[in-house]
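Student: This is the content of structure15.txt (compact mmCIF, C-alpha atoms):
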# COMPACT_ATOMS: atom_id res chain seq x y z
CA MET A 19 122.52 161.13 163.55
CA ILE A 20 120.34 158.34 164.94
CA PHE A 21 122.58 155.67 163.43
CA GLY A 22 125.72 157.32 164.87
CA THR A 23 124.23 157.49 168.36
CA LEU A 24 123.01 153.91 168.10
CA SER A 25 126.39 152.68 166.89
CA ARG A 26 128.14 154.31 169.83
CA TYR A 27 125.61 152.72 172.21
CA PHE A 28 126.12 149.25 170.73
CA PHE A 29 129.89 149.71 170.70
CA ARG A 30 129.87 150.77 174.35
CA ARG A 31 127.76 147.74 175.27
CA TYR A 32 130.23 145.53 173.42
CA LEU A 33 133.25 147.05 175.20
CA VAL A 34 131.66 146.78 178.66
CA THR A 35 130.70 143.15 178.10
CA MET A 36 134.18 142.43 176.74
CA GLY A 37 135.76 143.95 179.82
CA TRP A 38 133.70 141.81 182.18
CA PHE A 39 134.49 138.68 180.18
CA LEU A 40 138.22 139.45 180.23
CA ILE A 41 138.15 139.99 183.99
CA GLY A 42 136.20 136.78 184.57
CA VAL A 43 138.33 134.63 182.25
CA SER A 44 141.52 136.10 183.75
CA ALA A 45 140.40 135.27 187.28
CA ILE A 46 139.34 131.72 186.41
CA SER A 47 142.49 131.10 184.37
CA PHE A 48 144.68 132.42 187.17
CA LEU A 49 143.10 130.11 189.75
CA LEU A 50 143.22 127.04 187.50
CA ASP A 51 146.79 127.62 186.34
CA PHE A 52 148.01 128.33 189.86
CA SER A 53 146.39 125.11 191.11
CA GLU A 54 147.95 123.15 188.25
CA THR A 55 151.36 124.77 188.82
CA ALA A 56 151.24 124.11 192.56
CA GLY A 57 150.26 120.47 192.06
CA ARG A 58 152.95 119.88 189.42
CA MET A 59 155.85 121.78 190.96
CA SER A 60 155.27 121.94 194.72
CA GLY A 61 157.76 119.10 195.20
CA LEU A 62 160.61 120.96 193.49
CA PRO A 63 163.36 122.27 195.78
CA GLY A 64 163.06 125.90 194.67
CA TYR A 65 159.26 126.18 194.64
CA THR A 66 157.51 128.75 196.84
CA ILE A 67 153.92 129.96 196.95
CA GLY A 68 155.02 133.45 195.99
CA GLY A 69 157.01 132.04 193.10
CA GLY A 70 153.98 130.04 191.97
CA ILE A 71 151.82 133.17 191.98
CA MET A 72 154.48 135.04 190.02
CA MET A 73 154.79 132.26 187.43
CA THR A 74 151.02 132.14 186.97
CA ALA A 75 150.92 135.93 186.57
CA VAL A 76 153.54 135.96 183.79
CA ARG A 77 151.84 133.00 182.05
CA LEU A 78 148.41 134.64 182.16
CA PRO A 79 148.85 136.69 178.92
CA LEU A 80 149.61 133.48 177.00
CA ILE A 81 146.49 131.81 178.37
CA LEU A 82 144.38 134.87 177.52
CA GLN A 83 145.81 134.92 174.00
CA GLN A 84 144.63 131.34 173.51
CA THR A 85 141.13 132.09 174.84
CA VAL A 86 140.54 135.37 172.95
CA PRO A 87 138.65 133.70 170.04
CA PHE A 88 136.19 132.12 172.48
CA ILE A 89 135.85 135.41 174.36
CA ALA A 90 134.93 137.16 171.10
CA LEU A 91 132.34 134.44 170.38
CA PHE A 92 130.69 134.58 173.81
CA VAL A 93 130.76 138.39 173.99
CA GLY A 94 129.02 138.64 170.63
CA MET A 95 126.35 136.12 171.64
CA THR A 96 125.82 137.73 175.06
CA VAL A 97 125.40 141.27 173.72
CA LEU A 98 123.13 140.31 170.82
CA ILE A 99 120.91 138.06 172.94
CA GLY A 100 120.62 140.80 175.55
CA LEU A 101 119.65 143.36 172.93
CA ASN A 102 117.08 140.98 171.50
CA ARG A 103 115.48 140.22 174.85
CA LYS A 104 115.03 143.92 175.50
CA TYR A 105 113.56 144.41 172.00
CA GLU A 106 116.28 146.92 171.18
CA LEU A 107 117.14 145.13 167.96
CA VAL A 108 113.43 145.05 167.06
CA VAL A 109 113.28 148.83 167.38
CA THR A 110 116.51 149.14 165.42
CA ARG A 111 115.10 147.10 162.55
CA ALA A 112 111.85 149.10 162.68
CA ALA A 113 113.88 152.28 162.21
CA GLY A 114 115.09 150.91 158.88
CA ILE A 115 118.61 150.01 159.97
CA SER A 116 119.83 146.82 158.33
CA VAL A 117 121.70 144.01 160.04
CA TRP A 118 124.93 145.00 158.31
CA GLN A 119 124.65 148.51 159.73
CA PHE A 120 123.97 147.62 163.37
CA MET A 121 126.54 144.80 163.22
CA PHE A 122 129.26 147.28 162.33
CA PRO A 123 130.06 148.24 165.98
CA PHE A 124 130.50 144.56 166.90
CA ILE A 125 132.70 143.91 163.88
CA ALA A 126 134.77 147.00 164.72
CA GLY A 127 135.07 145.84 168.34
CA SER A 128 136.30 142.38 167.33
CA LEU A 129 138.80 143.92 164.89
CA ILE A 130 140.17 146.19 167.62
CA LEU A 131 140.42 143.24 170.01
CA GLY A 132 142.29 141.25 167.37
CA LEU A 133 144.72 144.10 166.71
CA LEU A 134 145.39 144.53 170.43
CA THR A 135 145.94 140.79 170.78
CA MET A 136 148.42 140.86 167.91
CA THR A 137 150.37 143.99 168.85
CA ALA A 138 150.12 144.15 172.66
CA LEU A 139 149.04 140.86 174.20
CA ASN A 140 151.26 138.62 172.07
CA PRO A 141 154.58 140.37 172.86
CA LEU A 142 153.62 140.30 176.54
CA ALA A 143 152.70 136.62 176.29
CA ALA A 144 156.02 135.79 174.58
CA TRP A 145 157.97 137.60 177.29
CA GLY A 146 155.95 135.89 180.02
CA GLN A 147 156.53 132.45 178.51
CA ARG A 148 160.30 133.03 178.47
CA GLN A 149 160.24 134.16 182.09
CA ALA A 150 158.14 131.17 183.14
CA LEU A 151 160.61 128.75 181.54
CA LEU A 152 163.49 130.45 183.36
CA VAL A 153 161.72 130.27 186.71
CA GLU A 154 160.78 126.61 186.24
CA SER A 155 164.35 125.71 185.34
CA ASP A 156 165.65 127.49 188.44
CA TRP A 157 163.19 125.57 190.60
CA ARG A 158 164.28 122.25 189.18
CA GLY A 159 167.95 122.93 189.63
CA GLU A 160 170.78 121.29 187.77
CA ASN A 161 170.33 117.94 189.49
CA ALA A 162 166.62 117.67 188.88
CA VAL A 163 165.19 114.40 187.63
CA LEU A 164 164.64 114.28 183.90
CA ARG A 165 161.10 115.16 182.95
CA LYS A 166 158.91 114.96 179.90
CA ALA A 167 159.16 118.35 178.20
CA PRO A 168 157.95 119.93 175.00
CA GLN A 169 159.76 118.71 171.91
CA ILE A 170 163.13 120.43 171.47
CA PRO A 171 164.82 120.18 168.05
CA TRP A 172 168.04 118.17 167.92
CA LEU A 173 171.20 119.83 166.65
CA ARG A 174 173.97 118.17 164.65
CA GLN A 175 177.47 119.54 164.58
CA ILE A 176 180.39 118.23 162.54
CA SER A 177 183.71 119.70 163.62
CA GLY A 178 186.74 117.97 162.19
CA ARG A 179 186.28 114.27 162.86
CA ASP A 180 183.69 114.85 165.55
CA ASP A 181 180.09 114.12 164.58
CA VAL A 182 177.79 114.98 167.48
CA ILE A 183 174.01 115.04 167.90
CA ILE A 184 172.87 117.45 170.65
CA GLY A 185 169.49 117.51 172.38
CA ALA A 186 168.05 118.85 175.62
CA GLN A 187 165.01 118.84 177.86
CA THR A 188 164.83 122.64 178.16
CA VAL A 189 166.50 125.61 176.50
CA GLN A 190 167.30 128.99 178.03
CA GLU A 191 168.87 132.28 177.00
CA ASN A 192 167.40 132.14 173.49
CA GLY A 193 168.73 128.63 172.92
CA THR A 194 172.38 129.11 173.93
CA LYS A 195 171.97 127.34 177.27
CA LEU A 196 170.67 123.76 177.37
CA ILE A 197 169.28 122.11 180.48
CA ASP A 198 169.59 118.32 180.87
CA ALA A 199 171.56 118.14 177.64
CA VAL A 200 172.38 114.91 175.80
CA LEU A 201 175.32 114.71 173.39
CA ILE A 202 175.81 111.57 171.30
CA HIS A 203 179.13 111.13 169.46
CA PHE A 204 179.53 109.03 166.29
CA ASP A 205 182.57 107.69 164.48
CA SER A 206 183.12 107.77 160.72
CA ARG A 207 181.09 104.54 160.31
CA GLY A 208 178.07 105.99 162.12
CA GLN A 209 178.60 103.94 165.29
CA VAL A 210 177.98 105.49 168.71
CA ILE A 211 181.29 105.91 170.54
CA LEU A 212 180.33 108.23 173.40
CA ARG A 213 177.29 109.63 175.15
CA GLN A 214 177.52 112.68 177.40
CA ASP A 215 174.69 113.65 179.76
CA ALA A 216 175.18 117.15 181.14
CA ALA A 217 173.11 119.09 183.64
CA THR A 218 173.79 122.24 181.60
CA ALA A 219 175.50 123.01 178.31
CA LYS A 220 176.40 126.65 177.62
CA LEU A 221 177.47 127.72 174.14
CA GLU A 222 180.56 129.89 174.38
CA ASP A 223 182.78 131.26 171.63
CA GLY A 224 183.98 128.13 169.84
CA TYR A 225 183.04 125.51 172.43
CA TRP A 226 180.27 124.04 174.57
CA GLN A 227 180.82 124.34 178.31
CA LEU A 228 179.34 121.18 179.85
CA ASN A 229 178.75 121.00 183.62
CA ASN A 230 178.07 117.99 185.82
CA VAL A 231 178.72 115.51 183.02
CA VAL A 232 178.28 111.74 182.91
CA GLU A 233 180.20 110.08 180.06
CA ARG A 234 179.29 106.62 178.82
CA LYS A 235 181.27 104.57 176.32
CA PRO A 236 180.19 101.17 174.98
CA GLY A 237 181.44 98.41 177.26
CA GLU A 238 182.91 100.80 179.86
CA ILE A 239 181.84 102.06 183.29
CA PRO A 240 180.22 105.55 183.24
CA VAL A 241 182.55 108.36 184.29
CA ARG A 242 181.36 111.52 186.05
CA LYS A 243 183.16 114.83 185.44
CA ALA A 244 182.54 118.26 186.92
CA SER A 245 183.01 120.08 183.60
CA VAL A 246 183.98 119.36 180.02
CA GLN A 247 184.67 121.62 177.06
CA LEU A 248 183.53 120.39 173.65
CA ARG A 249 184.81 122.14 170.56
CA THR A 250 182.14 123.41 168.16
CA ASN A 251 181.81 125.43 164.99
CA LEU A 252 178.21 126.41 165.75
CA LYS A 253 177.53 130.12 166.10
CA GLN A 254 175.30 131.56 168.79
CA ASP A 255 173.00 133.25 166.26
CA PHE A 256 172.47 129.95 164.46
CA VAL A 257 171.64 128.09 167.66
CA GLN A 258 169.27 130.83 168.78
CA GLU A 259 167.31 130.61 165.54
CA ARG A 260 167.33 126.81 165.59
CA LEU A 261 166.16 126.27 169.17
CA THR A 262 163.96 129.25 170.03
CA ALA A 263 160.26 128.29 170.09
CA PRO A 264 157.97 130.54 167.98
CA GLU A 265 155.65 131.05 170.97
CA THR A 266 158.45 132.84 172.85
CA ILE A 267 159.01 135.39 170.05
CA GLY A 268 156.91 138.54 170.00
CA PHE A 269 155.01 139.68 166.93
CA PHE A 270 157.35 142.58 166.16
CA ASP A 271 160.43 140.33 166.29
CA LEU A 272 159.08 137.53 164.10
CA SER A 273 159.88 139.10 160.72
CA ASN A 274 163.51 139.68 161.75
CA ARG A 275 163.79 136.14 163.09
CA ILE A 276 162.40 134.74 159.85
CA ALA A 277 164.98 136.67 157.83
CA ALA A 278 167.78 135.54 160.15
CA ALA A 279 166.68 131.90 159.99
CA LYS A 280 166.60 132.02 156.18
CA SER A 281 170.14 133.40 156.13
CA PHE A 282 171.30 130.32 158.06
CA GLY A 283 169.36 127.93 155.85
CA ILE A 284 167.03 126.94 158.70
CA SER A 285 163.43 126.02 158.00
CA THR A 286 161.14 128.97 158.72
CA LYS A 287 157.82 127.13 158.41
CA ALA A 288 157.00 127.35 162.13
CA LEU A 289 157.96 131.02 162.35
CA GLU A 290 156.02 131.93 159.21
CA THR A 291 152.99 130.03 160.45
CA GLN A 292 153.11 131.87 163.78
CA PHE A 293 153.48 135.22 162.00
CA ASN A 294 150.56 134.61 159.64
CA SER A 295 148.46 133.23 162.49
CA LEU A 296 148.88 136.48 164.39
CA LEU A 297 148.15 138.53 161.28
CA SER A 298 144.90 136.63 160.72
CA GLN A 299 143.79 137.01 164.35
CA PRO A 300 141.57 140.10 163.76
CA LEU A 301 139.69 138.40 160.93
CA LEU A 302 139.36 135.22 163.01
CA LEU A 303 137.59 137.26 165.71
CA VAL A 304 135.34 138.82 163.07
CA ALA A 305 134.45 135.29 161.92
CA MET A 306 133.61 134.39 165.53
CA THR A 307 131.36 137.48 165.69
CA PHE A 308 129.57 136.38 162.51
CA ILE A 309 129.02 132.94 164.04
CA ALA A 310 127.60 134.59 167.16
CA ALA A 311 125.25 136.69 165.01
CA THR A 312 123.91 133.72 163.04
CA VAL A 313 122.58 132.09 166.23
CA SER A 314 121.65 135.19 168.25
CA LEU A 315 119.90 137.74 166.05
CA LYS A 316 116.57 135.90 165.83
CA PHE A 317 116.72 134.00 169.10
CA SER A 318 114.20 136.06 171.02
CA ARG A 319 111.70 136.73 168.24
CA PHE A 320 111.33 133.15 167.07
CA ASN A 321 111.79 131.50 170.47
CA GLN A 322 114.61 129.31 169.23
CA SER A 323 115.75 126.52 171.53
CA ARG A 324 118.97 126.38 173.44
CA SER A 325 120.24 123.85 170.93
CA VAL A 326 120.69 126.69 168.45
CA ILE A 327 122.94 128.54 170.89
CA LEU A 328 124.80 125.30 171.57
CA GLY A 329 125.22 124.91 167.84
CA GLY A 330 126.87 128.32 167.66
CA ILE A 331 129.24 127.42 170.48
CA LEU A 332 130.14 124.14 168.79
CA SER A 333 130.65 125.92 165.47
CA GLY A 334 133.06 128.37 167.08
CA PHE A 335 134.85 125.53 168.83
CA MET A 336 135.18 123.59 165.57
CA LEU A 337 136.58 126.67 163.82
CA TYR A 338 139.16 127.08 166.58
CA VAL A 339 140.13 123.39 166.47
CA ILE A 340 140.49 123.50 162.68
CA THR A 341 142.72 126.59 162.84
CA VAL A 342 144.95 124.97 165.48
CA LEU A 343 145.13 121.70 163.54
CA VAL A 344 145.93 123.33 160.20
CA LYS A 345 148.45 125.57 161.98
CA ALA A 346 150.26 122.42 163.11
CA PHE A 347 150.33 121.25 159.50
CA GLY A 348 151.79 124.60 158.47
CA SER A 349 154.47 124.49 161.17
CA SER A 350 155.56 121.02 160.04
CA GLY A 351 155.69 122.04 156.38
CA VAL A 352 152.86 119.77 155.22
CA VAL A 353 150.81 122.82 154.16
CA PRO A 354 152.22 126.23 153.15
CA PRO A 355 152.07 128.58 156.17
CA PHE A 356 149.98 131.21 154.36
CA VAL A 357 147.41 128.63 153.29
CA ALA A 358 147.36 126.97 156.71
CA THR A 359 146.52 130.17 158.57
CA TRP A 360 144.38 132.19 156.17
CA ILE A 361 142.18 129.66 154.37
CA PRO A 362 140.18 128.51 157.48
CA VAL A 363 139.59 132.13 158.50
CA ILE A 364 138.48 133.20 155.01
CA VAL A 365 136.18 130.20 154.66
CA ALA A 366 134.63 130.90 158.08
CA LEU A 367 134.09 134.56 157.17
CA ALA A 368 132.45 133.61 153.87
CA LEU A 369 130.18 131.03 155.52
CA GLY A 370 129.14 133.43 158.29
CA ALA A 371 128.36 136.21 155.82
CA THR A 372 126.42 133.79 153.60
CA ILE A 373 124.29 132.54 156.49
CA LEU A 374 123.53 136.10 157.59
CA LEU A 375 122.58 137.05 154.02
CA HIS A 376 120.23 134.06 153.86
CA GLN A 377 118.65 134.82 157.23
CA GLU A 378 118.27 138.57 156.86
CA ASP A 379 117.98 139.21 153.13
CA GLY A 380 116.42 135.96 151.95
Can you give me the file's structure in the form of structure tokens?
Tutor:
Amino acid sequence: MIFGTLSRYFFRRYLVTMGWFLIGVSAISFLLDFSETAGRMSGLPGYTIGGGIMMTAVRLPLILQQTVPFIALFVGMTVLIGLNRKYELVVTRAAGISVWQFMFPFIAGSLILGLLTMTALNPLAAWGQRQALLVESDWRGENAVLRKAPQIPWLRQISGRDDVIIGAQTVQENGTKLIDAVLIHFDSRGQVILRQDAATAKLEDGYWQLNNVVERKPGEIPVRKASVQLRTNLKQDFVQERLTAPETIGFFDLSNRIAAAKSFGISTKALETQFNSLLSQPLLLVAMTFIAATVSLKFSRFNQSRSVILGGILSGFMLYVITVLVKAFGSSGVVPPFVATWIPVIVALALGATILLHQEDG
């Protein structure tokens, strides 16, 4: 009875602290992202203050998703240090409750946060990222100056005697509309015979519809055309799977996208890495909670210095950096996706549990 009441009290403290952290991080992230968006896009013809606020609002779930591991770390440290300073953990230990028992509410809270991040926040973040890309493209307009954008995969199509490499600065409509597209044509000997720069390229049934096109041939003056149709044998489903970024696909759609990509013979490393990364999110937050416990449980009683708390923060930061780095390896195919996403989390869990066993049970 006492343990059940105490668990509910600790769990409630954890939820309240988590709520305040989420509100604070959301407010700070909103202000910083809005300032960055305004500074980067205020010169665009379609930009407005209201539009900037709207873009920041739809991007906020993605930012929160990236900061959730740190939120779990700081919430765990804050709650445990607060309980220690009020001697509540001392009384808990005196009642014969072990560290593994009173840590259960915090572990359960981090698991619930991870599950909500995976099933609710991620689909919202994916939708918001797609909307933000659409809004930014509308602001830039078709005649916008080329900009440095995230890496977009190049497509190659061979239709009859035509051998064309297709790239773009931005993709829309699940990859079937390219913004600032570049199409490079080759002859049978592999020599470049034509380059087409189009403001937009829309994949229709059996052809690409190019708008506002500049054609350049070796040794000739560039020619500008209002529209050009380029025959293609690429299917819309194939292009969607090839060009859609994993970050714009929600958790519940990833498994279907992986199966579709495999049916087209497209590499699924990035999609599988994203899927496994989301699946491992709850255990990653539990690992962050263990790290918080290793530097917070004995802070008050043994008057440990602030360097110990800083060590916990750095440990959590290093874990996050390692997971992001290994995730990049998994997306590129250097490391199997399952290994890239799960091994760092499992190792962190094992290390955290080992340190707690050493500290509490000798």
Student: Could you tell me how far atom CA of Gly370 of chain A lies from atom CA of Phe308 of chain A, in Å and to one decimal?
Tutor: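 Interatomic distance here is 5.2 Å.
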Student: Mind checking which residues fall within 10 Å of Val43 of chain A, counting only C-alpha atoms, ignoring those fewer than 4 positions away in the same chain, and posting them as an mmCIF file with C-alpha atoms, in the coordinates of the input?
Tutor:
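Output file selection03.cif follows:
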data_model
loop_
_atom_site.group_PDB
_atom_site.id
_atom_site.type_symbol
_atom_site.label_atom_id
_atom_site.label_comp_id
_atom_site.auth_asym_id
_atom_site.auth_seq_id
_atom_site.Cartn_x
_atom_site.Cartn_y
_atom_site.Cartn_z
ATOM 1 C CA GLY A 37 135.760 143.950 179.820
ATOM 2 C CA TRP A 38 133.700 141.810 182.180
ATOM 3 C CA PHE A 39 134.490 138.680 180.180
ATOM 4 C CA SER A 47 142.490 131.100 184.370
ATOM 5 C CA PHE A 48 144.680 132.420 187.170
ATOM 6 C CA LEU A 49 143.100 130.110 189.750
ATOM 7 C CA ILE A 81 146.490 131.810 178.370
ATOM 8 C CA LEU A 82 144.380 134.870 177.520
ATOM 9 C CA THR A 85 141.130 132.090 174.840
ATOM 10 C CA VAL A 86 140.540 135.370 172.950
ATOM 11 C CA ILE A 89 135.850 135.410 174.360
#
Student: What gap, in Å, lies between atom CA of Val117 of chain A and atom CA of Leu315 of chain A?
Tutor: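 Rounded to one decimal, the two atoms are 8.9 Å apart.
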Student: Excluding Met72 of chain A and its own-chain neighbours fewer than 5 positions away, which residues fall within 12 Å of it when counting all atoms listed in the file? Please give them as JSON, numbers by chain.
Tutor: {"A": [48, 51, 52, 55, 56, 65, 66, 67, 77, 78, 146, 147, 149, 150, 153, 154]}
Student: Quick check, in Å to one decimal: how far apart do atom CA of Ile327 of chain A and atom CA of Val313 of chain A lie?
Tutor: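 Interatomic distance, atom CA of Ile327 of chain A to atom CA of Val313 of chain A: 5.9 Å.
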Student: Around the point (128.4, 143.1, 172.1) in the file's coordinates, collect all residues with an atom within 8 Å, using only C-alpha atoms, and return them as a list in words.
Tutor: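 Protein, DNA and RNA residues close to (128.4, 143.1, 172.1): Phe28, Phe29, Arg31, Tyr32, Leu33, Thr35, Met36, Val93, Gly94, Met95, Thr96, Val97, Leu98 and Phe124 of chain A.
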Student: Using the file's own x, y and z axes, what box holds all listed atoms of segment 90-101 of chain A with 3 Å on each side, keeping edges along x, y and z, and what are its centre and edge lengths in Å to one decimal, as JSON?
Tutor:
{"center_x": 127.3, "center_y": 138.9, "center_z": 173.0, "size_x": 21.3, "size_y": 14.9, "size_z": 11.2}
Student: From the options A:Gly127, A:Pro354, A:Gly132, A:Pro362, which residue's atoms come nearest to Ile340 of chain A, counting only C-alpha atoms?
Tutor: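 Under the stated criterion, the closest residue is A:Pro362.
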Student: Which is closer to Ala358 of chain A than all the others in A:Leu343, A:Leu173, A:Val108, A:Ile184, using all atoms listed in the file?
Tutor: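 Selected residue with least distance to Ala358 of chain A: A:Leu343.
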Student: Show which residues sit within 9 Å of Val200 of chain A, as a short mmCIF file (atom, residue, chain, number, x, y, z; two decimals) with C-alpha atoms, keeping the file's coordinate frame. Count all atoms listed in the file, and ignore same-chain residues fewer than 3 positions away.
Tutor:
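For reference, selection10.cif as written:
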data_model
loop_
_atom_site.label_atom_id
_atom_site.label_comp_id
_atom_site.auth_asym_id
_atom_site.auth_seq_id
_atom_site.Cartn_x
_atom_site.Cartn_y
_atom_site.Cartn_z
CA ILE A 183 174.01 115.04 167.90
CA ILE A 184 172.87 117.45 170.65
CA GLY A 185 169.49 117.51 172.38
CA ALA A 186 168.05 118.85 175.62
CA GLN A 187 165.01 118.84 177.86
CA ARG A 213 177.29 109.63 175.15
CA GLN A 214 177.52 112.68 177.40
CA ASP A 215 174.69 113.65 179.76
CA ALA A 216 175.18 117.15 181.14
CA ALA A 217 173.11 119.09 183.64
#
Student: Taking all atoms listed in the file into account, which of A:Arg103, A:Lys287, A:Arg111, A:Lys280 comes nearest Pro264 of chain A?
Tutor: A:Lys287
Student: May I have the protein, DNA and RNA residues with an atom at most 6 Å from (169.9, 120.4, 183.4), counting all atoms listed in the file in the file's coordinates, returned as a list in words?
Tutor: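 With a cut-off of 6 Å, the residues come to Glu160, Ile197, Asp198, Ala217 and Thr218 of chain A.
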Student: Write a file of the just-selected residues containing C-alpha atoms, as a PDB file, in the frame of the given file.
Tutor:
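The resulting file, out.pdb, is reproduced below:
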ATOM      1  CA  GLU A 160     170.780 121.290 187.770  1.00  0.00           C
ATOM      2  CA  ILE A 197     169.280 122.110 180.480  1.00  0.00           C
ATOM      3  CA  ASP A 198     169.590 118.320 180.870  1.00  0.00           C
ATOM      4  CA  ALA A 217     173.110 119.090 183.640  1.00  0.00           C
ATOM      5  CA  THR A 218     173.790 122.240 181.600  1.00  0.00           C
TER       6      THR A 218
END
Student: Which residue gives the smallest distance to Thr194 of chain A among A:Glu106, A:Leu212, A:Glu222, A:Ser206, with all atoms listed in the file counted?
Tutor: A:Glu222
Student: Using all atoms listed in the file, which residues sit within 8 Å of Leu303 of chain A once same-chain residues fewer than 3 positions away are excluded, as a ChimeraX atom specification?
Tutor: /A:87,90-91,128-129,131-132,299-300,306-307
